[in-house]
>>> print(open('upload39.cif').read())   # mmCIF, C-alpha atoms
data_target
#
loop_
_atom_site.label_atom_id
_atom_site.label_comp_id
_atom_site.auth_asym_id
_atom_site.auth_seq_id
_atom_site.Cartn_x
_atom_site.Cartn_y
_atom_site.Cartn_z
CA MET A 8 -62.68 -14.27 12.20
CA CYS A 9 -60.70 -14.27 8.96
CA THR A 10 -60.29 -10.87 7.32
CA ALA A 11 -58.26 -9.52 4.43
CA LEU A 12 -55.09 -8.14 5.94
CA ASP A 13 -53.22 -6.57 3.06
CA ALA A 14 -53.27 -5.99 -0.69
CA VAL A 15 -50.13 -5.02 -2.58
CA ARG A 16 -49.79 -4.03 -6.21
CA LEU A 17 -46.44 -5.17 -7.49
CA ALA A 18 -44.39 -2.96 -9.76
CA PRO A 19 -43.06 -4.60 -12.93
CA GLY A 20 -39.93 -6.54 -12.08
CA ALA A 21 -40.71 -6.81 -8.36
CA ASP A 22 -39.81 -10.07 -6.61
CA LEU A 23 -43.25 -11.51 -5.85
CA ALA A 24 -41.95 -14.13 -3.42
CA ALA A 25 -39.85 -11.59 -1.49
CA VAL A 26 -42.80 -9.22 -1.10
CA THR A 27 -45.05 -12.06 0.01
CA ALA A 28 -42.45 -13.37 2.45
CA GLY A 29 -42.22 -9.93 4.02
CA GLN A 30 -45.98 -9.83 4.49
CA ILE A 31 -46.04 -13.29 6.01
CA ARG A 32 -43.23 -12.36 8.42
CA ASP A 33 -45.31 -9.45 9.67
CA VAL A 34 -48.29 -11.73 10.24
CA LEU A 35 -46.21 -14.35 12.04
CA ALA A 36 -44.74 -11.71 14.32
CA ARG A 37 -48.26 -10.70 15.30
CA LEU A 38 -49.29 -14.30 15.90
CA ILE A 39 -46.30 -14.92 18.14
CA THR A 40 -46.80 -11.64 19.99
CA ALA A 41 -50.45 -12.55 20.57
CA GLY A 42 -49.32 -15.81 22.18
CA HIS A 43 -50.72 -18.13 19.51
CA TRP A 44 -47.36 -19.81 19.00
CA ARG A 45 -44.65 -20.62 21.52
CA PRO A 46 -41.38 -22.56 21.28
CA GLY A 47 -42.20 -26.26 21.25
CA ASP A 48 -45.54 -25.81 19.46
CA PRO A 49 -46.09 -27.44 16.06
CA GLN A 50 -45.01 -25.34 13.13
CA MET A 51 -47.56 -22.96 11.64
CA TRP A 52 -48.92 -23.53 8.15
CA VAL A 53 -48.89 -21.15 5.21
CA VAL A 54 -51.35 -22.46 2.62
CA MET A 55 -51.61 -20.98 -0.85
CA ASP A 56 -53.04 -21.54 -4.28
CA ALA A 57 -51.02 -21.86 -7.48
CA GLY A 58 -49.13 -18.80 -8.68
CA TYR A 59 -46.42 -18.60 -6.06
CA ASP A 60 -42.83 -19.68 -6.46
CA VAL A 61 -43.46 -21.91 -3.47
CA ALA A 62 -39.94 -23.31 -3.23
CA ARG A 63 -38.44 -19.85 -3.12
CA LEU A 64 -41.00 -18.74 -0.57
CA ALA A 65 -40.07 -21.72 1.62
CA TRP A 66 -36.42 -20.74 1.24
CA LEU A 67 -37.07 -17.13 2.23
CA LEU A 68 -39.02 -18.29 5.32
CA ARG A 69 -36.62 -21.08 6.29
CA ASP A 70 -35.68 -19.40 9.58
CA LEU A 71 -39.30 -19.28 10.79
CA PRO A 72 -41.46 -21.99 12.42
CA VAL A 73 -43.64 -22.48 9.35
CA ARG A 74 -44.54 -25.15 6.84
CA VAL A 75 -45.47 -24.02 3.34
CA LEU A 76 -48.16 -25.93 1.45
CA ALA A 77 -49.10 -24.88 -2.08
CA ARG A 78 -50.93 -26.12 -5.13
CA LEU A 79 -48.79 -26.75 -8.20
CA ARG A 80 -49.79 -26.73 -11.85
CA SER A 81 -50.28 -30.17 -13.34
CA ASP A 82 -47.59 -29.57 -15.99
CA ARG A 83 -44.71 -29.32 -13.51
CA VAL A 84 -41.59 -31.47 -13.31
CA LEU A 85 -39.71 -32.07 -10.04
CA ARG A 86 -36.47 -33.91 -9.41
CA ARG A 87 -35.64 -36.77 -7.07
CA PRO A 88 -32.64 -36.89 -4.72
CA ILE A 89 -29.36 -37.95 -6.25
CA PRO A 90 -28.72 -41.69 -5.95
CA PRO A 91 -25.67 -42.90 -3.99
CA ARG A 92 -22.44 -42.33 -5.89
CA GLN A 93 -21.00 -45.61 -7.08
CA PRO A 94 -17.33 -46.43 -6.46
CA GLY A 95 -15.11 -45.72 -9.42
CA VAL A 96 -17.48 -43.22 -11.01
CA LEU A 97 -15.56 -40.19 -12.26
CA GLY A 98 -16.66 -36.71 -13.19
CA ARG A 99 -18.58 -33.96 -11.53
CA PRO A 100 -21.09 -35.11 -8.89
CA ARG A 101 -24.72 -34.90 -9.91
CA ARG A 102 -26.97 -32.33 -8.25
CA HIS A 103 -30.31 -33.82 -9.27
CA GLY A 104 -31.84 -37.24 -9.50
CA GLY A 105 -34.40 -38.51 -11.99
CA GLU A 106 -37.43 -36.58 -13.11
CA PHE A 107 -40.89 -36.78 -11.56
CA ILE A 108 -43.18 -35.64 -14.37
CA PHE A 109 -46.69 -34.80 -13.20
CA GLY A 110 -48.19 -35.66 -16.56
CA ASP A 111 -46.37 -39.01 -16.89
CA PRO A 112 -47.48 -41.65 -14.34
CA ALA A 113 -44.66 -43.92 -15.49
CA SER A 114 -42.19 -41.49 -13.87
CA TRP A 115 -43.88 -41.46 -10.46
CA GLY A 116 -42.93 -44.78 -8.94
CA GLU A 117 -44.63 -46.07 -5.82
CA PRO A 118 -45.74 -43.39 -3.36
CA ASP A 119 -44.16 -43.28 0.08
CA VAL A 120 -47.56 -42.86 1.71
CA THR A 121 -51.10 -43.56 0.52
CA THR A 122 -54.29 -42.93 2.46
CA VAL A 123 -57.94 -43.32 1.48
CA THR A 124 -60.57 -41.39 3.41
CA GLU A 125 -64.34 -41.25 3.01
CA THR A 126 -65.74 -37.71 3.15
CA ARG A 127 -69.31 -36.48 3.18
CA LEU A 128 -68.98 -33.83 0.48
CA TYR A 129 -66.25 -35.22 -1.77
CA GLY A 130 -66.76 -38.98 -1.64
CA THR A 131 -63.56 -41.01 -1.52
CA ALA A 132 -60.48 -38.86 -1.07
CA THR A 133 -57.22 -40.57 -2.03
CA ALA A 134 -53.97 -38.87 -1.06
CA ARG A 135 -50.60 -40.13 -2.27
CA ALA A 136 -47.29 -38.63 -1.20
CA TRP A 137 -43.74 -38.80 -2.48
CA HIS A 138 -41.01 -37.45 -0.19
CA ARG A 139 -37.83 -35.51 -1.00
CA LEU A 140 -38.77 -34.04 -4.37
CA HIS A 141 -37.34 -30.67 -5.39
CA PRO A 142 -37.52 -28.21 -8.29
CA ARG A 143 -34.45 -27.73 -10.44
CA LEU A 144 -33.43 -24.12 -9.99
CA THR A 145 -31.61 -22.00 -12.55
CA ARG A 146 -29.66 -18.77 -12.16
CA ARG A 147 -32.20 -16.38 -13.54
CA ALA A 148 -34.86 -14.00 -12.25
CA ALA A 149 -34.84 -14.04 -8.43
CA TRP A 150 -32.05 -16.64 -8.31
CA ALA A 151 -29.74 -14.77 -10.70
CA ASP A 152 -27.40 -13.54 -7.95
CA CYS A 153 -27.40 -16.73 -5.86
CA PRO A 154 -23.85 -18.16 -5.87
CA ASP A 155 -24.88 -21.64 -4.65
CA LEU A 156 -28.35 -22.71 -5.75
CA PRO A 157 -30.05 -24.61 -2.92
CA ILE A 158 -31.73 -27.99 -3.13
CA LEU A 159 -35.22 -27.37 -1.74
CA GLU A 160 -36.76 -30.71 -0.93
CA GLY A 161 -40.36 -31.25 0.02
CA THR A 162 -43.22 -33.71 -0.01
CA LEU A 163 -45.38 -33.89 -3.13
CA ILE A 164 -49.02 -34.82 -2.59
CA ARG A 165 -51.58 -35.81 -5.19
CA LEU A 166 -55.16 -35.53 -3.97
CA ASP A 167 -58.01 -37.18 -5.87
CA VAL A 168 -61.68 -37.00 -4.93
CA THR A 169 -64.59 -38.74 -6.59
CA ARG A 170 -66.99 -35.79 -6.75
CA LEU A 171 -67.43 -32.07 -6.10
CA PRO A 172 -70.39 -30.48 -4.33
CA SER A 173 -70.92 -28.24 -7.35
CA GLY A 174 -71.25 -31.20 -9.71
CA ALA A 175 -68.23 -30.09 -11.77
CA THR A 176 -65.58 -32.53 -12.92
CA ALA A 177 -63.26 -33.45 -10.06
CA LYS A 178 -59.71 -32.87 -11.25
CA PRO A 179 -56.65 -34.05 -9.29
CA VAL A 180 -54.84 -31.52 -7.15
CA TRP A 181 -51.05 -31.48 -6.80
CA LEU A 182 -49.65 -30.01 -3.58
CA TRP A 183 -46.07 -29.43 -2.49
CA CYS A 184 -45.21 -29.19 1.18
CA SER A 185 -41.89 -27.84 2.41
CA THR A 186 -39.84 -29.85 4.86
CA SER A 187 -36.91 -29.11 7.10
CA ALA A 188 -34.58 -30.79 4.64
CA SER A 189 -31.07 -29.47 4.41
CA HIS A 190 -30.44 -27.14 1.50
CA HIS A 191 -27.20 -28.75 0.44
CA PRO A 192 -27.29 -31.56 -2.11
CA ASP A 193 -24.86 -33.73 -0.16
CA ALA A 194 -26.76 -33.57 3.12
CA THR A 195 -29.59 -35.74 4.39
CA LEU A 196 -32.87 -34.75 6.00
CA ASP A 197 -32.41 -32.83 9.21
CA ALA A 198 -33.68 -34.91 12.12
CA THR A 199 -36.00 -32.20 13.42
CA PRO A 200 -39.56 -32.79 14.61
CA ALA A 201 -40.88 -31.19 11.44
CA ALA A 202 -38.86 -33.48 9.20
CA ALA A 203 -39.86 -36.49 11.28
CA MET A 204 -43.52 -35.49 10.98
CA VAL A 205 -43.29 -35.43 7.20
CA ASP A 206 -41.65 -38.85 7.17
CA ARG A 207 -44.38 -40.43 9.29
CA PRO A 208 -47.35 -42.05 7.54
CA ALA A 209 -49.59 -40.16 9.98
CA GLN A 210 -48.79 -37.06 7.96
CA LEU A 211 -51.53 -38.17 5.57
CA ASP A 212 -54.04 -39.36 8.14
CA PRO A 213 -57.74 -38.44 7.78
CA ALA A 214 -57.22 -35.25 9.77
CA LEU A 215 -54.79 -33.94 7.14
CA VAL A 216 -57.10 -34.97 4.33
CA ASP A 217 -59.90 -33.13 6.11
CA ARG A 218 -57.72 -30.01 6.34
CA VAL A 219 -56.69 -30.19 2.71
CA VAL A 220 -60.14 -30.98 1.31
CA GLN A 221 -62.32 -28.78 3.48
CA ARG A 222 -60.39 -25.57 4.02
CA PRO A 223 -61.63 -22.75 1.76
CA MET A 224 -58.31 -22.38 -0.09
CA ALA A 225 -58.28 -26.08 -0.95
CA LEU A 226 -61.89 -25.90 -2.11
CA ALA A 227 -60.87 -23.15 -4.51
CA MET A 228 -58.17 -25.47 -5.82
CA LEU A 229 -60.75 -28.19 -6.40
CA GLY A 230 -63.30 -25.83 -7.92
CA GLY A 231 -65.86 -26.03 -5.14
CA GLN A 232 -67.48 -23.35 -2.99
CA THR A 233 -64.68 -21.06 -1.88
CA GLN A 234 -65.94 -18.27 0.33
CA PRO A 235 -68.59 -17.80 3.03
CA GLY A 236 -71.84 -16.75 1.39
CA GLN A 237 -70.85 -18.08 -2.05
CA THR A 238 -73.36 -20.26 -3.88
CA ALA A 239 -73.32 -21.95 -7.24
CA ASP A 240 -75.31 -19.10 -8.79
CA ARG A 241 -73.88 -16.18 -6.81
CA PRO A 242 -70.12 -16.48 -6.30
CA VAL A 243 -68.16 -14.03 -4.26
CA GLY A 244 -66.14 -11.56 -6.36
CA ALA A 245 -62.81 -12.37 -7.95
CA GLN A 246 -60.05 -13.06 -5.46
CA HIS A 247 -57.22 -11.76 -7.61
CA ARG A 248 -55.54 -9.20 -5.35
CA LEU A 249 -51.82 -9.51 -4.95
CA GLY A 250 -50.42 -10.37 -1.56
CA GLN A 251 -53.82 -10.95 0.05
CA LEU A 252 -53.39 -12.50 3.50
CA GLU A 253 -56.09 -13.89 5.70
CA GLN A 254 -55.53 -14.51 9.39
CA SER A 255 -57.21 -15.07 12.72
CA VAL A 256 -55.35 -13.12 15.42
CA ARG A 257 -56.81 -12.73 18.92
CA PRO A 258 -54.81 -12.16 22.10
CA ALA A 259 -54.32 -15.44 23.92
CA GLY A 260 -56.91 -15.93 26.61
CA SER A 261 -59.27 -13.29 25.22
CA ALA A 262 -62.96 -13.88 24.85
CA GLY A 263 -63.72 -16.05 21.86
CA SER A 264 -60.22 -17.52 21.62
CA ASP A 265 -59.86 -21.24 21.07
CA GLU A 266 -57.20 -23.87 21.39
CA ALA A 267 -56.84 -24.59 17.71
CA SER A 268 -53.50 -23.64 16.19
CA PRO A 269 -53.80 -20.38 14.21
CA THR A 270 -53.62 -20.73 10.47
CA VAL A 271 -51.99 -18.17 8.24
CA ARG A 272 -53.26 -18.37 4.69
CA ALA A 273 -51.63 -16.51 1.85
CA ALA A 274 -52.87 -16.09 -1.72
CA VAL A 275 -51.34 -14.04 -4.51
CA HIS A 276 -53.39 -15.05 -7.52
CA GLY A 277 -56.62 -16.79 -6.62
CA ARG A 278 -59.37 -18.51 -8.55
CA PHE A 279 -62.60 -16.80 -9.48
CA GLY A 280 -64.52 -19.84 -8.20
CA ASP A 281 -66.94 -22.32 -9.68
CA MET A 282 -69.09 -20.11 -11.90
CA ALA A 283 -71.51 -20.65 -14.74
CA SER A 284 -69.86 -19.90 -18.04
CA GLY A 285 -71.11 -17.24 -20.41
CA PRO A 286 -71.25 -17.05 -24.21
CA GLY A 287 -67.89 -17.54 -25.80
CA ALA A 288 -66.15 -18.60 -22.60
CA VAL A 289 -63.55 -21.32 -22.74
CA GLN A 290 -64.86 -24.22 -20.70
CA ASP A 291 -62.36 -24.63 -17.87
CA GLY A 292 -64.01 -23.54 -14.67
CA GLY A 293 -66.74 -21.34 -16.05
CA VAL A 294 -65.68 -17.73 -15.39
CA THR A 295 -67.90 -15.51 -17.51
CA PRO A 296 -66.67 -12.77 -19.85
CA GLU A 297 -68.61 -10.26 -17.72
CA GLU A 298 -66.63 -11.27 -14.64
CA ILE A 299 -63.32 -11.15 -16.50
CA VAL A 300 -63.98 -7.65 -17.85
CA GLY A 301 -65.25 -6.68 -14.40
CA ALA A 302 -61.86 -7.60 -12.94
CA ALA A 303 -60.19 -5.47 -15.62
CA ILE A 304 -62.50 -2.57 -14.68
CA GLU A 305 -61.34 -2.95 -11.06
CA ALA A 306 -57.73 -2.79 -12.21
CA ALA A 307 -58.51 0.33 -14.24
CA ALA A 308 -60.13 1.90 -11.19
CA ALA A 309 -56.94 1.33 -9.21
CA GLY A 310 -54.98 3.15 -11.93
CA LEU A 311 -57.50 5.98 -12.06
CA LYS A 312 -57.01 6.60 -8.33
CA VAL A 313 -53.32 7.38 -8.90
CA GLY A 314 -53.89 9.56 -11.96
CA GLU A 315 -53.31 7.00 -14.70
CA LEU A 316 -55.50 6.49 -17.72
CA PRO A 317 -58.33 4.16 -16.64
CA ILE A 318 -57.18 1.06 -18.52
CA GLY A 319 -56.90 -2.28 -16.74
CA ALA A 320 -56.26 -5.86 -17.77
CA VAL A 321 -56.24 -9.38 -16.38
CA VAL A 322 -54.91 -12.64 -17.81
CA LEU A 323 -56.49 -15.94 -16.81
CA ALA A 324 -55.18 -19.48 -17.16
CA GLY A 325 -58.39 -21.40 -16.75
CA ASP A 326 -59.88 -19.74 -13.68
CA ASP A 327 -56.56 -18.59 -12.20
CA VAL A 328 -55.54 -14.96 -12.57
CA VAL A 329 -51.90 -15.07 -13.70
CA GLY A 330 -51.54 -11.44 -14.75
CA TRP A 331 -53.03 -8.16 -13.48
CA ALA A 332 -52.10 -4.58 -14.34
CA TYR A 333 -53.23 -1.08 -15.09
CA THR A 334 -51.50 1.21 -17.55
CA HIS A 335 -48.45 3.15 -16.31
CA GLU A 336 -47.88 5.91 -18.89
CA ARG A 337 -47.95 8.67 -16.27
CA GLY A 338 -46.12 6.91 -13.47
CA HIS A 339 -43.31 5.50 -15.61
CA GLY A 340 -43.18 8.22 -18.23
CA ARG A 341 -42.93 5.61 -20.98
CA ARG A 342 -45.04 4.36 -23.88
CA LEU A 343 -44.75 0.58 -23.82
CA VAL A 344 -46.50 0.15 -20.49
CA HIS A 345 -50.04 -0.62 -21.61
CA ALA A 346 -52.18 -2.53 -19.13
CA GLY A 347 -52.68 -5.52 -21.40
CA LEU A 348 -48.99 -5.73 -22.21
CA LEU A 349 -47.94 -5.58 -18.54
CA ALA A 350 -50.48 -8.22 -17.53
CA MET A 351 -49.33 -10.54 -20.31
CA MET A 352 -45.67 -9.96 -19.40
CA GLU A 353 -46.48 -11.10 -15.87
CA ALA A 354 -48.15 -14.24 -17.23
CA ASP A 355 -45.19 -14.84 -19.53
CA GLU A 356 -42.79 -14.63 -16.58
CA ARG A 357 -44.78 -17.37 -14.88
CA PHE A 358 -44.99 -19.77 -17.82
CA GLY A 359 -41.92 -19.05 -19.94
CA TRP A 360 -41.78 -21.56 -22.77
CA VAL A 361 -43.85 -24.13 -20.88
CA GLU A 362 -46.91 -25.15 -22.86
CA HIS A 363 -50.10 -23.88 -21.25
CA GLU A 364 -52.23 -26.72 -19.99
CA ARG A 365 -55.22 -24.40 -19.58
CA PRO A 366 -56.37 -21.86 -22.18
CA LEU A 367 -55.27 -18.26 -21.65
CA ARG A 368 -57.82 -15.46 -21.74
CA LEU A 369 -57.27 -11.71 -21.66
CA GLY A 370 -59.77 -9.28 -20.23
CA VAL A 371 -59.44 -5.50 -20.73
CA ASN A 372 -61.86 -2.64 -20.26
CA LEU A 373 -60.65 -1.04 -23.53
CA GLU A 374 -60.27 -2.64 -26.94
CA PRO A 375 -56.63 -3.77 -27.28
CA CYS A 376 -54.27 -1.92 -29.56
CA VAL A 377 -52.16 -3.53 -32.28
CA MET A 378 -49.18 -3.90 -29.94
CA CYS A 379 -51.22 -5.71 -27.29
CA LEU A 380 -52.89 -7.89 -29.93
CA GLY A 381 -49.46 -8.95 -31.18
CA ALA A 382 -48.38 -9.77 -27.62
CA ALA A 383 -51.54 -11.84 -27.14
CA MET A 384 -50.78 -13.80 -30.29
CA ALA A 385 -47.19 -14.43 -29.19
CA LEU A 386 -48.32 -15.54 -25.71
CA GLY A 387 -50.96 -17.86 -27.11
CA VAL A 388 -54.04 -16.11 -25.74
CA ARG A 389 -57.15 -17.92 -26.97
CA GLU A 390 -59.84 -15.34 -26.30
CA VAL A 391 -59.95 -11.60 -25.59
CA TYR A 392 -62.86 -9.82 -23.91
CA TYR A 393 -63.06 -6.03 -23.80
CA GLY A 394 -65.44 -3.34 -22.65
CA VAL A 395 -65.47 -0.22 -24.79
CA GLU A 396 -64.11 0.18 -28.33
CA SER A 397 -61.08 2.35 -29.12
CA PRO A 398 -61.85 4.15 -32.40
CA ASP A 399 -58.31 5.40 -33.07
CA ASP A 400 -56.19 2.33 -32.40
CA GLY A 401 -58.43 -0.65 -31.62
CA ALA A 402 -57.22 -3.89 -33.20
CA ALA A 403 -60.33 -6.08 -33.03
CA ARG A 404 -60.88 -5.73 -36.78
CA ILE A 405 -57.30 -6.85 -37.43
CA ALA A 406 -57.83 -9.97 -35.33
CA ALA A 407 -61.02 -10.75 -37.25
CA THR A 408 -59.24 -10.71 -40.61
CA TRP A 409 -55.83 -12.06 -39.57
CA GLN A 410 -54.49 -14.84 -41.77
CA PRO A 411 -51.49 -16.68 -40.26
CA GLY A 412 -48.93 -18.38 -42.44
CA ALA A 413 -49.52 -21.93 -43.54
CA GLY A 414 -48.80 -24.34 -40.70
CA SER A 415 -48.10 -21.54 -38.22
CA ARG A 416 -48.85 -22.41 -34.60
CA TRP A 417 -47.31 -19.39 -32.90
CA HIS A 418 -49.24 -16.48 -34.30
CA GLN A 419 -52.88 -17.46 -34.30
CA ALA A 420 -55.14 -14.51 -33.62
CA PRO A 421 -57.39 -14.85 -30.57
CA ALA A 422 -61.14 -14.67 -30.81
CA VAL A 423 -62.14 -11.15 -29.73
CA PHE A 424 -65.45 -10.27 -28.04
CA GLY A 425 -66.31 -6.61 -27.38
CA GLY A 426 -68.98 -4.45 -25.83
CA ILE A 427 -68.92 -6.31 -22.51
CA ARG A 428 -69.82 -3.92 -19.67
CA ARG A 429 -69.30 -1.13 -22.18
CA GLY A 430 -71.13 1.54 -20.20
CA GLU A 431 -69.04 1.00 -17.07
CA SER A 432 -65.84 1.09 -19.08
CA ARG A 433 -66.79 4.29 -20.90
CA GLU A 434 -67.81 5.93 -17.63
CA GLN A 435 -64.28 5.45 -16.31
CA PHE A 436 -62.95 7.54 -19.19
CA ARG A 437 -65.54 10.23 -18.52
CA ARG A 438 -64.35 10.46 -14.91
CA TYR A 439 -60.74 10.68 -16.09
CA VAL A 440 -61.51 13.49 -18.57
CA ALA A 441 -63.41 15.41 -15.89
CA ALA A 442 -60.49 15.28 -13.44
CA ALA A 443 -57.36 15.36 -15.61
CA VAL A 444 -55.49 18.46 -16.72
CA ASP A 445 -55.22 19.31 -20.41
CA SER A 446 -52.78 17.00 -22.15
CA PRO A 447 -52.57 14.81 -25.26
CA LEU A 448 -53.60 11.82 -23.12
CA ARG A 449 -56.71 13.65 -21.94
CA ASP A 450 -57.57 14.59 -25.53
CA TRP A 451 -57.26 10.95 -26.56
CA ALA A 452 -59.33 9.77 -23.60
CA ARG A 453 -62.07 12.22 -24.62
CA THR A 454 -62.55 10.34 -27.91
CA ILE A 455 -63.62 7.33 -25.85
CA ALA A 456 -65.54 9.26 -23.18
CA GLU A 457 -67.68 10.91 -25.86
CA LEU A 458 -68.61 7.73 -27.69
CA PRO A 459 -72.38 7.50 -28.19
CA ASP A 460 -74.51 4.91 -26.45
#
>>> encode(input="upload39.cif", output="structure tokens")
Amino acid sequence: MCTALDAVRLAPGADLAAVTAGQIRDVLARLITAGHWRPGDPQMWVVMDAGYDVARLAWLLRDLPVRVLARLRSDRVLRRPIPPRQPGVLGRPRRHGGEFIFGDPASWGEPDVTTVTETRLYGTATARAWHRLHPRLTRRAAWADCPDLPILEGTLIRLDVTRLPSGATAKPVWLWCSTSASHHPDATLDATPAAAMVDRPAQLDPALVDRVVQRPMALAMLGGQTQPGQTADRPVGAQHRLGQLEQSVRPAGSAGSDEASPTVRAAVHGRFGDMASGPGAVQDGGVTPEEIVGAAIEAAAAGLKVGELPIGAVVLAGDDVVGWAYTHERGHGRRLVHAGLLAMMEADERFGWVEHERPLRLGVNLEPCVMCLGAAMALGVREVYYGVESPDDGAARIAATWQPGAGSRWHQAPAVFGGIRRGESREQFRRYVAAAVDSPLRDWARTIAELPD
């Protein structure tokens, strides 16, 4: 049985990959203790959706018997190995080879492996793989203190299917799989069983395609049915919790155990699923405004439990949650820690200056203020959905009348839709006012709690 093992809320500035790696280590220790893995067994798999720094996660877990497989955004660029150095060439040795640009088929070259498999639900599944591709790392963020940046090679897989069970458009899926490649640019692939397995064409046999296409995490990547009990008209709730791990751990030899290798699946930011879109929704995967604001209400509820103002926010790129936060005025003792701002900062850390392939949407349970509206404009948020209005500092009216400069592409105001799940949002403020001690924040919250129906 697969169950949610853990959920962690990351503080601003926390190393997401390091936290996730620590969680996975705990799970692997339990799997090994339970006898599900022994020396000589195939490596265990950690499978995840987009949102992770998968190369860094593979680096942090390099001492464990695991393979890391993750979906990558379709706007990524990887690098090839350096070509052999020619005699007589002077200057500093190169660290990276040519570019492999996901969006430019001319840069791909011939795949190392291609397989075509017929499936019942997805029609023809075509998997192509290119070995020894790596991201180009820079000394910033988590790598800022690394004296010698590693070369993290892996196998890139592009999976195409002809149809989806839901009837939605079948988009290609890019996956990156870690290998046991050496982490030094001058070294070759380590001749370990794991590396040999990646270099064999059997790595993309029908069994692998079946695993990739039919496991729930992969279905979420493709936009199909993602969770037990989910249907096209009644999806399971948003899977946006940070650090969520699912596992099957039973003592070896116990009743109900099987011979299949245990699978550890990790997801930090998941997809909402294949849902019917609502009014005003950007057509990417069909998450409704009600569901987006509902996720923000959940975030606000988490803040309310620790004594914060009940304000929560989520940022979506298509159907992927790329930012999640509740306000931290009380915990941090600062002003510029609004929920919407923190969620957008998390999204900004993921994308940087990379153009967003999928439209960004912001969901909050309270009308955004002027500061958060400005951040949304700078980030390029297309649409904002909120629950209850904020009479004192709400900025929806500013967005409605905003006139950007001629030819400006950076500061377009998002379309703002309010009153979504308004009653639930207002009720959170009523609960806060009832429980909080007298303070200026409580007085401000009362102006929202006492809004008429």
>>> atom_distance(input="upload39.cif", atom1="CA of Lys312 in chain A", atom2="CA of Cys376 in chain A")
23.0 Å
>>> closest_residue(input="upload39.cif", among="A:Leu182, A:Leu316, A:Ala65, A:Ala303", to="Arg449 in chain A", atoms="only C-alpha atoms")
A:Leu316
>>> residues_around(input="upload39.cif", residues="Arg86 in chain A", least_positions_apart="2", cutoff="10 Å", atoms="only C-alpha atoms", output="list in words")
Val84, Pro88, Ile89, Arg102, His103, Gly104, Gly105, Glu106, Phe107, Ile108, Arg139, Leu140, His141, Pro142, Arg143, Ile158 and Glu160 of chain A
>>> resolve_selection(input="upload39.cif", expression="the PyMOL selection byres ((chain A and resi 373) around 7)", output="PyMOL selection string")
chain A and resi 318+371-372+374-375+393-397
>>> write_last_selection(input="upload39.cif", atoms="C-alpha atoms", output="short mmCIF file (atom, residue, chain, number, x, y, z; two decimals), in the frame of the given file")
data_model
loop_
_atom_site.label_atom_id
_atom_site.label_comp_id
_atom_site.auth_asym_id
_atom_site.auth_seq_id
_atom_site.Cartn_x
_atom_site.Cartn_y
_atom_site.Cartn_z
CA ILE A 318 -57.18 1.06 -18.52
CA VAL A 371 -59.44 -5.50 -20.73
CA ASN A 372 -61.86 -2.64 -20.26
CA GLU A 374 -60.27 -2.64 -26.94
CA PRO A 375 -56.63 -3.77 -27.28
CA TYR A 393 -63.06 -6.03 -23.80
CA GLY A 394 -65.44 -3.34 -22.65
CA VAL A 395 -65.47 -0.22 -24.79
CA GLU A 396 -64.11 0.18 -28.33
CA SER A 397 -61.08 2.35 -29.12
#
>>> atom_distance(input="upload39.cif", atom1="CA of Ala57 in chain A", atom2="CA of Asp355 in chain A")
15.1 Å
>>> closest_residue(input="upload39.cif", among="A:Trp150, A:Tyr392, A:Trp137, A:Tyr439", to="Arg63 in chain A", atoms="all atoms listed in the file")
A:Trp150
>>> closest_residue(input="upload39.cif", among="A:Val344, A:Val391, A:Ala420, A:Leu166", to="Glu315 in chain A", atoms="all atoms listed in the file")
A:Val344
>>> resolve_selection(input="upload39.cif", expression="the PyMOL selection byres ((chain A and resi 354) around 10)", output="CSV table (one decimal) with C-alpha atoms, in the frame of the given file")
chain,number,residue,atom,x,y,z
A,58,GLY,CA,-49.1,-18.8,-8.7
A,321,VAL,CA,-56.2,-9.4,-16.4
A,322,VAL,CA,-54.9,-12.6,-17.8
A,323,LEU,CA,-56.5,-15.9,-16.8
A,324,ALA,CA,-55.2,-19.5,-17.2
A,328,VAL,CA,-55.5,-15.0,-12.6
A,329,VAL,CA,-51.9,-15.1,-13.7
A,330,GLY,CA,-51.5,-11.4,-14.8
A,331,TRP,CA,-53.0,-8.2,-13.5
A,348,LEU,CA,-49.0,-5.7,-22.2
A,349,LEU,CA,-47.9,-5.6,-18.5
A,350,ALA,CA,-50.5,-8.2,-17.5
A,351,MET,CA,-49.3,-10.5,-20.3
A,352,MET,CA,-45.7,-10.0,-19.4
A,353,GLU,CA,-46.5,-11.1,-15.9
A,355,ASP,CA,-45.2,-14.8,-19.5
A,356,GLU,CA,-42.8,-14.6,-16.6
A,357,ARG,CA,-44.8,-17.4,-14.9
A,358,PHE,CA,-45.0,-19.8,-17.8
A,359,GLY,CA,-41.9,-19.0,-19.9
A,367,LEU,CA,-55.3,-18.3,-21.6
A,386,LEU,CA,-48.3,-15.5,-25.7
>>> atom_distance(input="upload39.cif", atom1="CA of Ala385 in chain A", atom2="CA of Ile427 in chain A")
24.1 Å
>>> residues_around(input="upload39.cif", residues="Ala177 in chain A", least_positions_apart="6", cutoff="7 Å", atoms="all atoms listed in the file", output="list of chain:residue names")
A:Val168, A:Thr169, A:Arg170, A:Leu171, A:Leu229
>>> write_last_selection(input="upload39.cif", atoms="C-alpha atoms", output="CSV table (one decimal), in the frame of the given file")
chain,number,residue,atom,x,y,z
A,168,VAL,CA,-61.7,-37.0,-4.9
A,169,THR,CA,-64.6,-38.7,-6.6
A,170,ARG,CA,-67.0,-35.8,-6.8
A,171,LEU,CA,-67.4,-32.1,-6.1
A,229,LEU,CA,-60.8,-28.2,-6.4
>>> axis_aligned_box(input="upload39.cif", around="range 53-65 of chain A", padding_each_side="5 Å", output="AutoDock Vina command-line options")
--center_x -45.7 --center_y -21.0 --center_z -1.7 --size_x 24.6 --size_y 14.7 --size_z 23.9
